[in-house]
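> Got a structure here, written out as structure tokens. Questions coming.
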Amino acid sequence: MKVLLNHPVREVEVKGPRRVREVLKELNLLPESVLVVRGDDLVTEDELLRDEDRIEIRPVISGG
Amino acid sequence: MRCRKCKGKAVLDIPRHHTAFCKACLTEFVCAQVERAIAEERMFTTADRVLVAVSGGKDSLSLLDILRKLGYQADAFYVDLGIGEYSRQSKEKVERYTSARGIPLHVHELKEDEGAGINDLADLVHRPTCSVCGTLKRYHFNRTAVEKGYNVLATGHNLDDEAARLLGNILHWQTEYLEKQGPTLPDSVEGFAKKVKPLYRLAEREIAAYAVVNGIDYIVEECPNAQGAKMLLYKDILNRLESESPGTKQAFYWGFLARQEADKQARPSMAEHDRAVLHPCATCGQPTTGEICSYCKLMARAKKDGPATTVSP
């Protein structure tokens with residue numbers, strides 16, 4: 001699957017099928033610090049992601 | 001995962017509350033938390049005029065959205081810091097959001113009114129950019145609120161912001177700052193608007209989720225000056241603790257507030273203290289503890305050290 005990351009914006013490939021929580025773990029990201037967006041929808045940690053999916057991992061932490 | 005409330009498809013799990021919500025129930029939860037914060041901290045009522053300081057980010061735009069949804073009189077104020085592409089994009093988000101909904105927007109342009117953007121001003125006075133930015137924003141937030149007839153100034157500070165700031169203040173034993181860490185600061189003297197933080201009961205992730213499910217187009221990009229900022233480090237540390245032990249952030253910050261409340265009788269109130277130490281700045285008339293306020297001192301220094309034609313007083 002294609003995973004769009006921010007700060008800086010970049011795209012990485014992760015092998016599916018895999019649950020959201022496993023993808024976050026593989027990318028070393030804390031669930032509390034990000035949202036996972038597929039299309040226009042938010043997906044929860046237990047959601048199964050497939051190879052053909054394209055997701056955005058959006059950071060929620062700001063420094064201001 | 002199912003929504004705990006309606007059993008529909010969940011879009012966000014909230015481990016600190018042992019729950020998960022669908023889009024509609026998440027919006028309801030977020031609005032209820034804000035309403036509770038406003039009521040418990042006696043922030044304002046529908047009779048008050050509230051100016052919301054917006055940056056184009058998720059917190060401030062969501063706050064404006066929630067307050068209007070709840071029926072409050074909330075308008076927007078944006079400070080254009082002149083940080084190149086970042087400011088251009090964030091201003092565009094604010095203008096687009098407010099114009100689409102017919103929300104009055106006030107704008108302060110640093111380059112126009114101070115004669116230089118935030119980075120140049122910080123260079124001129126040899127101070128860290130984030131510190132100069134804080135001084136300028138606090139000054140203009142209050143001044144604009146008072147001058148435009150708003151009695152309350154609301155900012156989008158959330159639970160993560162407040163917990164991280166508390167951690168920073170405690171790590172360095174900056175106890176003098178703790179008094180001002182509550183979600184409400186009184187309009188104790190003439191020239192001060194009341195300052196409130198209605199999002200203090202909500203985590204950053206919950207607000208970001210609210211923005212996404214409610215179609216709020218905010219700037220995801222981080223301010224380029226915030227890279228490596230201590231606040232980000234403190235937030236990361238707190239989120240590591242939160243992941244291992246959900247509820248840590250709220251126990252830390254809300255626990256602090258509860259202790260402050262219990263200790264209230266023993267100390268003079270913030271309003272009494274303010275009235276004893278604040279008076280109008282000799283230059284601009286805004287309340288200050290010194291003869292000249294920090295904004296006027298900063299601008300005088302920038303004017304003295306900078307090219308004569310660059311910086312306005």
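Identifiers in the structure tokens: chain A, B, ... in order shown; residue index from 1 per chain; ligand index from 1 in order shown.
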Skipping near chain neighbours, those fewer than 6 positions away, what residues fall within 9 Å of region 31-46 of chain A using only C-alpha atoms, listed as number ranges by chain?
A: 19-22, 24-25, 53-61; B: 1, 10-13, 20, 23, 204-205, 208-209, 212-213, 215, 235-236, 239-240, 242-243
> Pull N, CA and C atoms from the residues just selected and write them as a JSON list (two decimals), in the first residue's frame.

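Output file again_23.json is given in full below:
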[["chain", "number", "residue", "atom", "x", "y", "z"],
["A", 19, "ARG", "N", -3.01, -4.53, 9.69],
["A", 19, "ARG", "CA", -3.85, -3.64, 10.50],
["A", 19, "ARG", "C", -3.13, -2.29, 10.64],
["A", 20, "VAL", "N", -3.95, -1.24, 10.86],
["A", 20, "VAL", "CA", -3.40, 0.11, 11.02],
["A", 20, "VAL", "C", -2.34, 0.13, 12.12],
["A", 21, "ARG", "N", -2.64, -0.52, 13.27],
["A", 21, "ARG", "CA", -1.70, -0.46, 14.40],
["A", 21, "ARG", "C", -0.35, -1.09, 14.03],
["A", 22, "GLU", "N", -0.38, -2.11, 13.14],
["A", 22, "GLU", "CA", 0.88, -2.74, 12.74],
["A", 22, "GLU", "C", 1.69, -1.83, 11.79],
["A", 24, "LEU", "N", 1.59, 1.43, 11.84],
["A", 24, "LEU", "CA", 2.16, 2.50, 12.67],
["A", 24, "LEU", "C", 3.40, 2.01, 13.41],
["A", 25, "LYS", "N", 3.31, 0.77, 13.90],
["A", 25, "LYS", "CA", 4.43, 0.19, 14.64],
["A", 25, "LYS", "C", 5.64, 0.06, 13.72],
["A", 53, "ASP", "N", -4.64, -0.13, -1.06],
["A", 53, "ASP", "CA", -5.04, 1.08, -0.32],
["A", 53, "ASP", "C", -3.97, 2.18, -0.42],
["A", 54, "ARG", "N", -4.47, 3.40, -0.29],
["A", 54, "ARG", "CA", -3.58, 4.55, -0.22],
["A", 54, "ARG", "C", -4.01, 5.32, 1.02],
["A", 55, "ILE", "N", -3.10, 5.45, 1.97],
["A", 55, "ILE", "CA", -3.48, 6.15, 3.21],
["A", 55, "ILE", "C", -2.56, 7.34, 3.48],
["A", 56, "GLU", "N", -3.08, 8.27, 4.26],
["A", 56, "GLU", "CA", -2.24, 9.39, 4.71],
["A", 56, "GLU", "C", -2.11, 9.28, 6.22],
["A", 57, "ILE", "N", -0.88, 9.39, 6.69],
["A", 57, "ILE", "CA", -0.67, 9.43, 8.14],
["A", 57, "ILE", "C", -0.40, 10.89, 8.49],
["A", 58, "ARG", "N", -1.37, 11.47, 9.18],
["A", 58, "ARG", "CA", -1.33, 12.91, 9.43],
["A", 58, "ARG", "C", -0.91, 13.20, 10.86],
["A", 59, "PRO", "N", 0.20, 13.91, 11.04],
["A", 59, "PRO", "CA", 0.61, 14.23, 12.42],
["A", 59, "PRO", "C", -0.39, 15.19, 13.06],
["A", 60, "VAL", "N", -0.59, 15.05, 14.36],
["A", 60, "VAL", "CA", -1.55, 15.95, 15.01],
["A", 60, "VAL", "C", -0.86, 16.90, 15.99],
["A", 61, "ILE", "N", 0.45, 16.75, 16.10],
["A", 61, "ILE", "CA", 1.18, 17.54, 17.09],
["A", 61, "ILE", "C", 1.73, 18.82, 16.46],
["B", 1, "MET", "N", -13.95, -1.50, 14.46],
["B", 1, "MET", "CA", -14.30, -0.94, 15.77],
["B", 1, "MET", "C", -15.64, -0.21, 15.66],
["B", 10, "ALA", "N", -16.86, 3.19, 13.91],
["B", 10, "ALA", "CA", -16.05, 4.18, 14.64],
["B", 10, "ALA", "C", -14.99, 4.78, 13.72],
["B", 11, "VAL", "N", -14.69, 6.09, 13.94],
["B", 11, "VAL", "CA", -13.61, 6.73, 13.20],
["B", 11, "VAL", "C", -12.45, 7.09, 14.12],
["B", 12, "LEU", "N", -12.70, 7.08, 15.43],
["B", 12, "LEU", "CA", -11.62, 7.42, 16.36],
["B", 12, "LEU", "C", -11.80, 6.68, 17.68],
["B", 13, "ASP", "N", -10.71, 6.06, 18.12],
["B", 13, "ASP", "CA", -10.75, 5.46, 19.46],
["B", 13, "ASP", "C", -10.10, 6.45, 20.43],
["B", 20, "ALA", "N", -14.81, 4.83, 21.80],
["B", 20, "ALA", "CA", -14.58, 5.08, 20.37],
["B", 20, "ALA", "C", -15.86, 5.69, 19.83],
["B", 23, "LYS", "N", -18.44, 9.41, 13.32],
["B", 23, "LYS", "CA", -18.32, 10.83, 12.99],
["B", 23, "LYS", "C", -19.27, 11.71, 13.81],
["B", 204, "GLU", "N", -5.03, 16.85, 21.44],
["B", 204, "GLU", "CA", -4.74, 17.36, 20.09],
["B", 204, "GLU", "C", -5.30, 16.42, 19.01],
["B", 205, "ARG", "N", -5.19, 15.13, 19.27],
["B", 205, "ARG", "CA", -5.65, 14.13, 18.29],
["B", 205, "ARG", "C", -7.17, 14.17, 18.12],
["B", 208, "ALA", "N", -7.94, 17.27, 16.01],
["B", 208, "ALA", "CA", -7.58, 17.03, 14.60],
["B", 208, "ALA", "C", -8.65, 16.15, 13.95],
["B", 209, "ALA", "N", -9.12, 15.14, 14.68],
["B", 209, "ALA", "CA", -10.16, 14.25, 14.14],
["B", 209, "ALA", "C", -11.45, 15.02, 13.91],
["B", 212, "VAL", "N", -11.07, 16.93, 10.68],
["B", 212, "VAL", "CA", -11.17, 16.07, 9.49],
["B", 212, "VAL", "C", -12.63, 15.67, 9.22],
["B", 213, "VAL", "N", -13.33, 15.20, 10.25],
["B", 213, "VAL", "CA", -14.70, 14.71, 10.00],
["B", 213, "VAL", "C", -15.68, 15.85, 9.72],
["B", 215, "GLY", "N", -14.81, 18.44, 7.85],
["B", 215, "GLY", "CA", -14.38, 19.07, 6.59],
["B", 215, "GLY", "C", -13.72, 20.42, 6.75],
["B", 235, "LYS", "N", 5.83, 17.25, 24.19],
["B", 235, "LYS", "CA", 4.62, 16.58, 23.73],
["B", 235, "LYS", "C", 4.90, 15.13, 23.35],
["B", 236, "ASP", "N", 6.04, 14.92, 22.72],
["B", 236, "ASP", "CA", 6.40, 13.56, 22.31],
["B", 236, "ASP", "C", 6.59, 12.68, 23.55],
["B", 239, "ASN", "N", 3.26, 11.91, 25.02],
["B", 239, "ASN", "CA", 2.52, 10.94, 24.21],
["B", 239, "ASN", "C", 3.06, 9.52, 24.36],
["B", 240, "ARG", "N", 4.36, 9.40, 24.63],
["B", 240, "ARG", "CA", 4.92, 8.06, 24.91],
["B", 240, "ARG", "C", 4.32, 7.53, 26.21],
["B", 242, "GLU", "N", 1.48, 8.50, 27.48],
["B", 242, "GLU", "CA", 0.04, 8.31, 27.22],
["B", 242, "GLU", "C", -0.23, 6.98, 26.53],
["B", 243, "SER", "N", 0.65, 6.61, 25.58],
["B", 243, "SER", "CA", 0.46, 5.35, 24.85],
["B", 243, "SER", "C", 0.57, 4.15, 25.79]]
> Can you check which residues of chain A DSSP gives as alpha helix (DSSP H) on the backbone and send them as number ranges by chain?
A: 20-26
> Suppose we keep N, CA and C atoms; can you now write the selection as a compact mmCIF listing (two decimals), in the first residue's frame?

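result10.txt, written as the output of this step:
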# COMPACT_ATOMS: atom_id res chain seq x y z
N VAL A 20 -3.95 -1.24 10.86
CA VAL A 20 -3.40 0.11 11.02
C VAL A 20 -2.34 0.13 12.12
N ARG A 21 -2.64 -0.52 13.27
CA ARG A 21 -1.70 -0.46 14.40
C ARG A 21 -0.35 -1.09 14.03
N GLU A 22 -0.38 -2.11 13.14
CA GLU A 22 0.88 -2.74 12.74
C GLU A 22 1.69 -1.83 11.79
N VAL A 23 0.95 -1.13 10.93
CA VAL A 23 1.64 -0.19 10.02
C VAL A 23 2.31 0.91 10.83
N LEU A 24 1.59 1.43 11.84
CA LEU A 24 2.16 2.50 12.67
C LEU A 24 3.40 2.01 13.41
N LYS A 25 3.31 0.77 13.90
CA LYS A 25 4.43 0.19 14.64
C LYS A 25 5.64 0.06 13.72
N GLU A 26 5.39 -0.43 12.50
CA GLU A 26 6.48 -0.62 11.54
C GLU A 26 7.16 0.72 11.22
> So how many Å separate CA of Glu261 (chain B) and CA of Leu185 (chain B), to one decimal?
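CA of Leu185 (chain B) lies 13.6 Å from CA of Glu261 (chain B).
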> Kindly indicate which residue among A:Leu27, A:Leu48, A:His7, A:Glu13 lies nearest to chain B, using only C-alpha atoms for the distances.
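For chain B, the nearest of the candidates is A:His7.
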> Write out as a CSV table (one decimal) with C-alpha atoms, in the first residue's frame each polymer residue whose atoms come within 7 Å of Thr46 (chain B), counting only C-alpha atoms; drop sequence neighbours fewer than 5 positions from it.

chain,number,residue,atom,x,y,z
B,71,GLY,CA,-24.4,29.5,19.4
B,72,TYR,CA,-21.7,31.8,20.7
B,73,GLN,CA,-20.9,35.2,19.2
